[in-house]
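Student: Dumping the structure here so I can ask a few things about it.
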Amino acid sequence: MPDDLQPARGTHDLIGEDQRRHTHVADTARRIAARYGFDEWTTPIFEDTRVFSRTLGETSDVVTKEMYTFTDRGGDSITLRPEATAGICRALVTNGLTQSLPQKVFYAGPMFRYERPQKGRYRQFHQIDIELIGSAEPLADAEVIACGWNILQALGVAGDTVLEINTLGDKESRSAYRDALVAYFTEHQGALSADSLARLDRNPLRILDSKDEGDRRIIANAPLIADHLTAAAAGFYAGVQGYLRTFGVPFRENPRIVRGLDYYGHTAFEFVTGKLGSQGTVMGGGRYDGLVEEMGGPPTPAVGWAAGIERLAMLLETPPAAQAAVAVVPVGDAAEAAALGVLQSLRAAGVRAEMAYRGNLRRRMERANRIGARAAVILGPDDIAAGVAQVKNLATGEQEAVKLADIAARLA
RNA sequence: GCGGGCGUAGCUCAGGUGGUAGAGCGCCAGGUUGUGGUCUUGGAUGCCGUGGGUUCGAGUCCCAUCGCUCGCCCCA
């Protein structure tokens with residue numbers, strides 16, 4: 001194979017089983033989300049760079065080193081979206097939908113981040129996404145999570161995942177907690193890893209997430225957000241947990257859960273799995289009450305999550321099967337016209353049907369077998385003269401003459 | 001961005017100490033021009049990732065580079 005034409009680094013072609021897994025994940029999510037009242041939106045794959053730089057946080061890795069940003073021919077700074085939420089909020093504002101809240105949005109599509117590729121991490125990857133914009137109630141958080149849980153159940157992967165939840169509190173709680181953390185970690189900075197030292201002034205909350213062993217010992221005694229929550233924030237968090245129990249969604253509190261993007265507050269959660277190596281987060285999200293305002297709209301509460309389609313597709317136990325076709329097989333050139341008639345009648349009846357473009361009977365039967373056809377409809381001159389075709393079940397080998405007019409109904 | 005492992009046929013892989021490349025599967029053709037799967041006979045697989053170096057000679061040794069992969073970072 002010439003190596004001058006390869007897929008760009010971190011991108012993948014979706015073909016055959018890969019595509020079927022992908023489609024199954026997206027279709028299942030779409031179906032379940034619809035039951036919860038979420039409507040699908042499609043927004044542009046690229047946006048004005050400010051849509052992301054303003055909202056994701058000036059210090060986040062996504063903005064500082066992972067965006068595909070370029071200047072277009074008109075001189076505008078354009079960015080391939082690294083995530084869906086910012087674009088959805090922009091669309092909400094642009095279309096004046098802040099006047100008709102709440103909006104419940106389902107989303108599926110490709111995202112782009114310039115990262116070092118690895119299992120479950122790609123430069124072009126796909127997410128499904130739901131956003132519930134316009135409700136400040138804890139019930140909204142719980143419903144969004146319950147919907148995600150149902151999707152994982154429908155995909156048959158819920159058993160592989162654990163829901164971990166935390167609260168980041170309101171602004172007041174968070175800044176008090178942040179101060180406490182900085183004080184604590186500064187006291188122990190001699191023992192912190194280099195990575196965590198860098199996080200200390202950039203994003204101290206992230207230290208809680210460190211995998212470094214030395215860090216973990218220090219983190220074990222770090223202050224907890226629970227002790228710095230305002231009464232309102234604590235009440236909100238308790239409300240979310242109560243509704244999760246009502247919905248029957250099992251969860252585990254994990255005070256170490258922190259979100260990477262700055263716009264999150266209050267509820268933060270992740271569905272994690274141990275089956276994908278270090279890329280264990282399969283679905284993650286939380287509440288982002290400030291984002292719509294950041295985008296130029298009125299103050300608007302919102303909560304949502306994103307899930308990686310590739311990661312979910314990898315967890316699928318049994319690959320979705322391709323739909324088996326019916327192979328139409330003419331015997332000799334003279335039978336072609338009649339065979340095409342049968343072929344089209346099958347398709348009109350909703351049957352997946354195929355006819356090879358050339359080849360003798362034997363070759364066409366081999367091909368029917370190779371494509372996994374469930375049946376072959378064989379038409380020879382004798383059959384046509386008698387107004388029938390041989391319908392052969394390729395699994396059992398049984399064959400029987402069927403009137404041409406009855407074939408479509410027989411195989412539908 | 002940092003560290004480890006790996007790039008040989010379409011796929012999975014074998015090729016001690018350097019001597020011009022192999023297997024299985026798949027593919028193509030015949031046995032079988034009105035019947036697939038099983039069987040059988042034959043055939044083609046290839047810039048040994050790419051570039052450079054050492055050598056009489058490199059798939060094999062060295063350097064670089066690209067890609068894949070695992071971990072860190074980050075995140076879905």
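Residue numbering restarts at 1 for every chain of the structure tokens, chains are lettered A, B, ... in their displayed order, and ligands are numbered from 1 as they appear.
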Which residues of chain B are close to chain A, meaning at most 10 Å apart when you count only C-alpha atoms (C1' of nucleotides), and how do they look as a ChimeraX atom specification?

Tutor: /B:1,32-37,46-47,49-50,66-76

Student: What lies within 8 Å of Glu400 (chain A) using only C-alpha atoms (C1' of nucleotides), ignoring chain neighbours under 2 positions off, as a PDB file with C-alpha atoms, in the first residue's frame?

Tutor:
ATOM      1  CA  GLN A 390     -37.110 -21.092  -7.433  1.00  0.00           C
ATOM      2  CA  VAL A 391     -36.940 -19.606  -3.940  1.00  0.00           C
ATOM      3  CA  LYS A 392     -34.114 -21.205  -2.020  1.00  0.00           C
ATOM      4  CA  GLU A 398     -34.721 -25.994   0.915  1.00  0.00           C
ATOM      5  CA  VAL A 402     -43.105 -19.848  -6.191  1.00  0.00           C
TER       6      VAL A 402
END

Student: Using only C-alpha atoms (C1' of nucleotides), which residues sit within 12 Å of region 14-24 of chain B once same-chain residues fewer than 4 positions away are excluded, as an NGL selection string?

Tutor: :B and (8-9 or 45-46 or 48 or 54-61)

Student: Enumerate, as a PyMOL selection string, the complete set of residues in region 145-301 of chain A that a backbone-based DSSP assignment places in helix (DSSP H, G or I).

Tutor: chain A and resi 145-155+158-160+171-187+189-191+194-202+204-209+213-219+225-228+231-247+291-294

Student: Which residues are close to Asp141 (chain A), i.e. within 9 Å by only C-alpha atoms (C1' of nucleotides), leaving aside same-chain residues fewer than 5 positions away? Reply as a PyMOL selection string.

Tutor: chain A and resi 132+135-136+146+240+243-244+267+286-287+302-304

Student: Check region 1-138 of chain A with DSSP on the backbone and list each residue it calls strand (DSSP E or B), as an NGL selection string.

Tutor: :A and (39-40 or 46-48 or 68-71 or 77-80 or 103-112 or 118 or 121 or 124-133)

Student: Taking 6 positions as the minimum chain separation for residues in the same chain, which residues sit within 12 Å of A64 (chain B) when counting only C-alpha atoms (C1' of nucleotides)? Answer as a short mmCIF file (atom, residue, chain, number, x, y, z; two decimals) with N, CA and C atoms (P, O5', C5', C4', C3', O3' and C1' of nucleotides), in the first residue's frame.

Tutor:
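This is the output file result.cif:
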data_model
loop_
_atom_site.label_atom_id
_atom_site.label_comp_id
_atom_site.auth_asym_id
_atom_site.auth_seq_id
_atom_site.Cartn_x
_atom_site.Cartn_y
_atom_site.Cartn_z
P U B 50 8.90 0.86 2.67
"O5'" U B 50 9.21 2.41 2.84
"C5'" U B 50 8.42 3.40 2.18
"C4'" U B 50 8.91 4.78 2.54
"C3'" U B 50 10.41 5.01 2.36
"O3'" U B 50 10.73 5.35 1.03
"C1'" U B 50 9.76 5.78 4.49
P G B 51 12.19 4.96 0.46
"O5'" G B 51 13.12 6.00 1.22
"C5'" G B 51 13.04 7.39 0.89
"C4'" G B 51 13.97 8.19 1.78
"C3'" G B 51 15.42 7.73 1.81
"O3'" G B 51 16.16 8.20 0.70
"C1'" G B 51 14.68 8.13 4.01
P G B 52 17.48 7.33 0.22
"O5'" G B 52 18.48 7.46 1.46
"C5'" G B 52 19.34 8.60 1.55
"C4'" G B 52 19.98 8.68 2.91
"C3'" G B 52 21.14 7.74 3.21
"O3'" G B 52 22.35 8.15 2.59
"C1'" G B 52 19.70 7.82 5.07
P G B 53 23.39 6.96 2.12
"O5'" G B 53 23.98 6.46 3.52
"C5'" G B 53 24.70 7.36 4.35
"C4'" G B 53 25.01 6.72 5.68
"C3'" G B 53 25.87 5.46 5.62
"O3'" G B 53 27.25 5.77 5.48
"C1'" G B 53 24.06 5.12 7.10
#

Student: With a distance cut-off of 12 Å and only C-alpha atoms (C1' of nucleotides), select the neighbouring residues of Thr246 (chain A), excluding the residue or stretch itself and same-chain residues fewer than 4 positions from it, and output the selection as a short mmCIF file (atom, residue, chain, number, x, y, z; two decimals) with N, CA and C atoms, in the first residue's frame.

Tutor:
data_model
loop_
_atom_site.label_atom_id
_atom_site.label_comp_id
_atom_site.auth_asym_id
_atom_site.auth_seq_id
_atom_site.Cartn_x
_atom_site.Cartn_y
_atom_site.Cartn_z
N LEU A 139 -34.48 18.48 39.73
CA LEU A 139 -35.14 17.44 38.95
C LEU A 139 -34.59 17.38 37.53
N ALA A 142 -31.39 15.39 37.52
CA ALA A 142 -31.66 13.97 37.69
C ALA A 142 -32.27 13.37 36.42
N GLU A 143 -33.13 14.12 35.76
CA GLU A 143 -33.75 13.58 34.55
C GLU A 143 -32.73 13.39 33.45
N ALA A 146 -30.78 10.35 34.33
CA ALA A 146 -31.60 9.14 34.15
C ALA A 146 -31.69 8.78 32.66
N GLY A 239 -31.09 17.44 46.68
CA GLY A 239 -32.26 17.28 45.83
C GLY A 239 -31.97 16.39 44.64
N VAL A 240 -30.82 16.60 44.01
CA VAL A 240 -30.44 15.78 42.86
C VAL A 240 -30.35 14.31 43.26
N GLN A 241 -29.71 14.06 44.39
CA GLN A 241 -29.57 12.68 44.85
C GLN A 241 -30.92 12.04 45.13
N GLY A 242 -31.81 12.82 45.74
CA GLY A 242 -33.14 12.29 46.04
C GLY A 242 -33.88 11.88 44.77
N PRO A 250 -28.70 3.99 40.10
CA PRO A 250 -27.67 3.78 41.12
C PRO A 250 -26.49 4.73 40.91
#
